[in-house]
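> So that we are looking at the same thing, I have put the structure below in structure tokens.
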Amino acid sequence: MTQGKFLMVGAGLSGAVIGRHLAEAGHQVTVVDSRDHIGGNCHTRRDADTGVMVHVYGPHIFHTDDAEVWDYVNGFETFKPYKNRVKTTSQDAAGKRQVFSLPVNLHTINQFFDKTMRPDEARAFITQEQADTSIADPQTFEEQAMRFVGRELYEAFFKGYTIKQWGCQPSELPASILKRLPVRFNYDDNYFFHKYQGMPENGYTAMIGKILDHPGLTVKLETVFDRAQTGEYDHVFYSGPLDGYFGYELGRLGYRTLDFERFTYDGDYQGCAVMNYGEQEVPYTRITEHKHFSPWEDHAGSVCYREFSRAAEPGDIPYYPIRQVAEKALLGDYVKLSEATKGVTFVGRLGTYRYLDMDVTIREALDTAVEFVGHWTAGTAMPAFQSAPL
Ligand code: UDP
């Protein structure tokens, strides 16, 4: 087999997982990242003041139903049991400000309406008295909420939060965003319903560092990729923003970026890792208290982030692809460009402009790498390799 020379642009999950697989297959892999650390937006770092492991770019909780992906991450780092239990501060049906449990569950419903319903009663109450069952096939975020929880719960928990998070009306967003969250008629307050859930004992950066730790793999930080370098490699895997690869020549795809206002507290600030704020008047979407992401550690001090969302401007770190109607048309044009670009595969949340969770990112990276190596070993001709499905 001829040894290939490959470049990964981005030292996040996609670049690390694909790079590792190619290195294990005997190829020579270089991973570049413009930042001064590996891990992309999963990057974790111990806070100098408090010793707390901080999720520098916002909370990342690992959850999956994919046993192979779960085994893969556990092969590099010990995962400690962790259940994501999110709270939200908002106003109940009578306008009283309270702390509620998320995702919307029987506790949330009973507390919000000041009732003591059992599961069947709550289900009947929501479906018959709250939900707008005239919406047969919800298309937008708002329709999805109106159809499954009704106006009152929608306005208290989703409307204000979503306007803050996405900077537009929920009627302009796809239903798929809300479909991420379940509604439960029992007291299960586990935010995710996946079989496996946990937190890497020493943080995501330690885990990704171990994935990248292979003799066939070289990592270069603070190294900005230039499209002109593509010809120096047999193939490039690009996990940066799709529009950025093409120098934004067709225009900019919309992303939301986040600003974090860090503060420390002597003790336990909010008693949980994530407190959302449903009211639109509160300018931030949520406060994260990072020591609660590592409940097996003990810290007297605490470090918290108030999280503000806004439209990403040139130079900002993109976090969430918006994918509204306008972006979808432009995205289609960029996809055509990417498919006509030989020798480059676009991967990951930014490279394919999708709202991907970590487990899906790893699954796609593994599949991409396996398929690629298969083609490479089978012959010398480069496969007509397409970007990941969009
Ligand atoms: N959401 C909301 N209220 C909440 C939590 C979430 O309206 O208290 C909406 C919001 O639009 C968000 C989406 O549901 O973008 C998906 O939530 P998730 O917790 O999956 O968002 P992430 O953690 O990825 O930011």
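If you're wondering about the labels, chains in the structure tokens are A, B, ... by order shown, residues count from 1 in each chain, ligands from 1 in order shown.
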Got a sec to check which residues lie within 7 Å of ligand 1, using only C-alpha atoms and all ligand atoms, and send them as a list in words?
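Based on only C-alpha atoms and all ligand atoms, ligand 1 is surrounded within 7 Å by Thr88, Phe157, Phe158, Lys159, Tyr161, Thr162, Gln165, Trp166, Ile177, Leu178, Arg180, Leu181, Asn276, Tyr277 and Gly278 of chain A.
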> How about saving the chosen residues, C-alpha atoms kept, as a CSV table (one decimal), in the first residue's frame?

chain,number,residue,atom,x,y,z
A,88,THR,CA,-35.3,26.8,33.9
A,157,PHE,CA,-40.4,28.0,28.3
A,158,PHE,CA,-39.7,28.1,24.6
A,159,LYS,CA,-40.7,31.4,23.0
A,161,TYR,CA,-35.5,31.5,25.1
A,162,THR,CA,-35.6,30.7,21.4
A,165,GLN,CA,-31.0,31.9,21.2
A,166,TRP,CA,-31.7,32.2,17.5
A,177,ILE,CA,-34.9,22.3,16.6
A,178,LEU,CA,-37.6,21.7,19.1
A,180,ARG,CA,-34.5,17.7,20.1
A,181,LEU,CA,-36.5,18.1,23.3
A,276,ASN,CA,-32.1,28.3,31.6
A,277,TYR,CA,-34.0,31.6,31.6
A,278,GLY,CA,-37.2,31.4,29.6
> What's around range 35-40 of chain A at 7 Å? Count only C-alpha atoms, leave out sequence neighbours fewer than 5 positions away in its own chain, and write the answer as an mmCIF file with C-alpha atoms, in the first residue's frame.

data_model
loop_
_atom_site.group_PDB
_atom_site.id
_atom_site.type_symbol
_atom_site.label_atom_id
_atom_site.label_comp_id
_atom_site.auth_asym_id
_atom_site.auth_seq_id
_atom_site.Cartn_x
_atom_site.Cartn_y
_atom_site.Cartn_z
ATOM 1 C CA ALA A 11 -8.255 19.671 15.712
ATOM 2 C CA GLY A 12 -11.802 19.126 16.962
ATOM 3 C CA LEU A 13 -13.648 15.820 17.077
ATOM 4 C CA TYR A 204 -12.801 16.611 26.385
ATOM 5 C CA THR A 205 -9.416 18.127 25.604
ATOM 6 C CA ILE A 208 -9.118 14.424 22.082
ATOM 7 C CA LEU A 221 -1.559 24.722 16.510
ATOM 8 C CA GLU A 222 -1.896 28.431 15.691
#
> Write out as a list in words the residues lying within 10 Å of Pro318 in chain A, counting only C-alpha atoms and excluding same-chain residues fewer than 5 positions away.
Asn41, Gly240, Pro241, Gly254, Tyr255, Arg256, Thr257, Leu258, Ala311, Ala312, Glu313, Arg349 and Leu350 of chain A
> Tell me, as a list in words, which residues lie within 7 Å of Val54 in chain A, counting only C-alpha atoms; anything in the same chain fewer than 2 positions away does not count.
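The residues that qualify are Thr44, Arg45, Arg46, Asp47, Val52, Val56 and His290 of chain A.
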> If DSSP is run on the backbone, what residues of range 152-209 of chain A are helix (DSSP H, G or I)? A reply as JSON, numbers by chain would be ideal.
{"A": [152, 153, 154, 155, 156, 157, 158, 159, 160, 161, 162, 163, 164, 165, 166, 170, 171, 172, 175, 176, 177, 178, 204, 205, 206, 207, 208, 209]}
> Residues within 8 Å of Gly19 in chain A, please, as a VMD selection string. Count only C-alpha atoms; anything in the same chain fewer than 5 positions from it doesn't count.
chain A and resid 8 29 to 31 212 217
> Can those selected residues be exported to a file as a PDB file, in the first residue's frame so that it contains N, CA and C atoms?

ATOM      1  N   MET A   8      -5.654  17.318   8.000  1.00  0.00           N
ATOM      2  CA  MET A   8      -6.918  17.573   8.692  1.00  0.00           C
ATOM      3  C   MET A   8      -6.920  19.059   9.040  1.00  0.00           C
ATOM      4  N   VAL A  29      -0.249  11.868   8.680  1.00  0.00           N
ATOM      5  CA  VAL A  29      -1.346  12.825   8.888  1.00  0.00           C
ATOM      6  C   VAL A  29      -0.850  14.083   9.595  1.00  0.00           C
ATOM      7  N   THR A  30      -1.225  15.227   9.047  1.00  0.00           N
ATOM      8  CA  THR A  30      -0.965  16.497   9.724  1.00  0.00           C
ATOM      9  C   THR A  30      -2.313  17.103  10.104  1.00  0.00           C
ATOM     10  N   VAL A  31      -2.398  17.579  11.339  1.00  0.00           N
ATOM     11  CA  VAL A  31      -3.627  18.237  11.802  1.00  0.00           C
ATOM     12  C   VAL A  31      -3.274  19.686  12.114  1.00  0.00           C
ATOM     13  N   LEU A 212      -5.478  12.075  19.345  1.00  0.00           N
ATOM     14  CA  LEU A 212      -4.457  12.645  18.445  1.00  0.00           C
ATOM     15  C   LEU A 212      -3.056  12.110  18.711  1.00  0.00           C
ATOM     16  N   LEU A 217       0.863  10.937  13.394  1.00  0.00           N
ATOM     17  CA  LEU A 217       0.027  12.131  13.381  1.00  0.00           C
ATOM     18  C   LEU A 217       0.763  13.335  13.993  1.00  0.00           C
TER      19      LEU A 217
END
> For the atom pair CA of Val183 in chain A and CA of Leu153 in chain A, what is the interatomic distance in Å to one decimal place?
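Separation of CA of Val183 in chain A and CA of Leu153 in chain A: 11.0 Å.
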> Fewer than 2 positions away in the same chain doesn't count, so skip those; otherwise give me all residues within 12 Å of Val347 in chain A, counting only C-alpha atoms, as a ChimeraX atom specification.
/A:8-18,236-242,245,338,344-345,349-354,356,360-369,385-390
> Smallest atom-to-atom distance to Gly150 in chain A: which of A:Thr133, A:Lys179, A:Ala93, A:Asp49, using only C-alpha atoms?
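Among the listed residues, A:Thr133 lies closest to Gly150 in chain A.
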> Can you list, as an MDAnalysis selection string, all residues belonging to range 302-366 of chain A that DSSP tags as strand (DSSP E or B)?
chainID A and resid 302:311 320:321 344:346
> Could you tell me how far CA of Ala329 in chain A lies from CA of Glu249 in chain A, in Å and to one decimal?
14.5 Å
> Given the choices A:Val370, A:Ala206, A:Met146, A:Ala156, which gets closest to Phe113 in chain A if the distance is worked out from only C-alpha atoms?
A:Ala156
> Please determine, counting only C-alpha atoms, which residue among A:Lys210, A:Arg252, A:Arg118, A:Arg286 has the shortest atom-to-atom distance to Ser90 in chain A.
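So, comparing all the options, the nearest one is A:Arg286.
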> From the list A:Phe192, A:Lys5, A:Asp132, A:Phe293, which residue is nearest Arg151 in chain A when using only C-alpha atoms?
A:Asp132
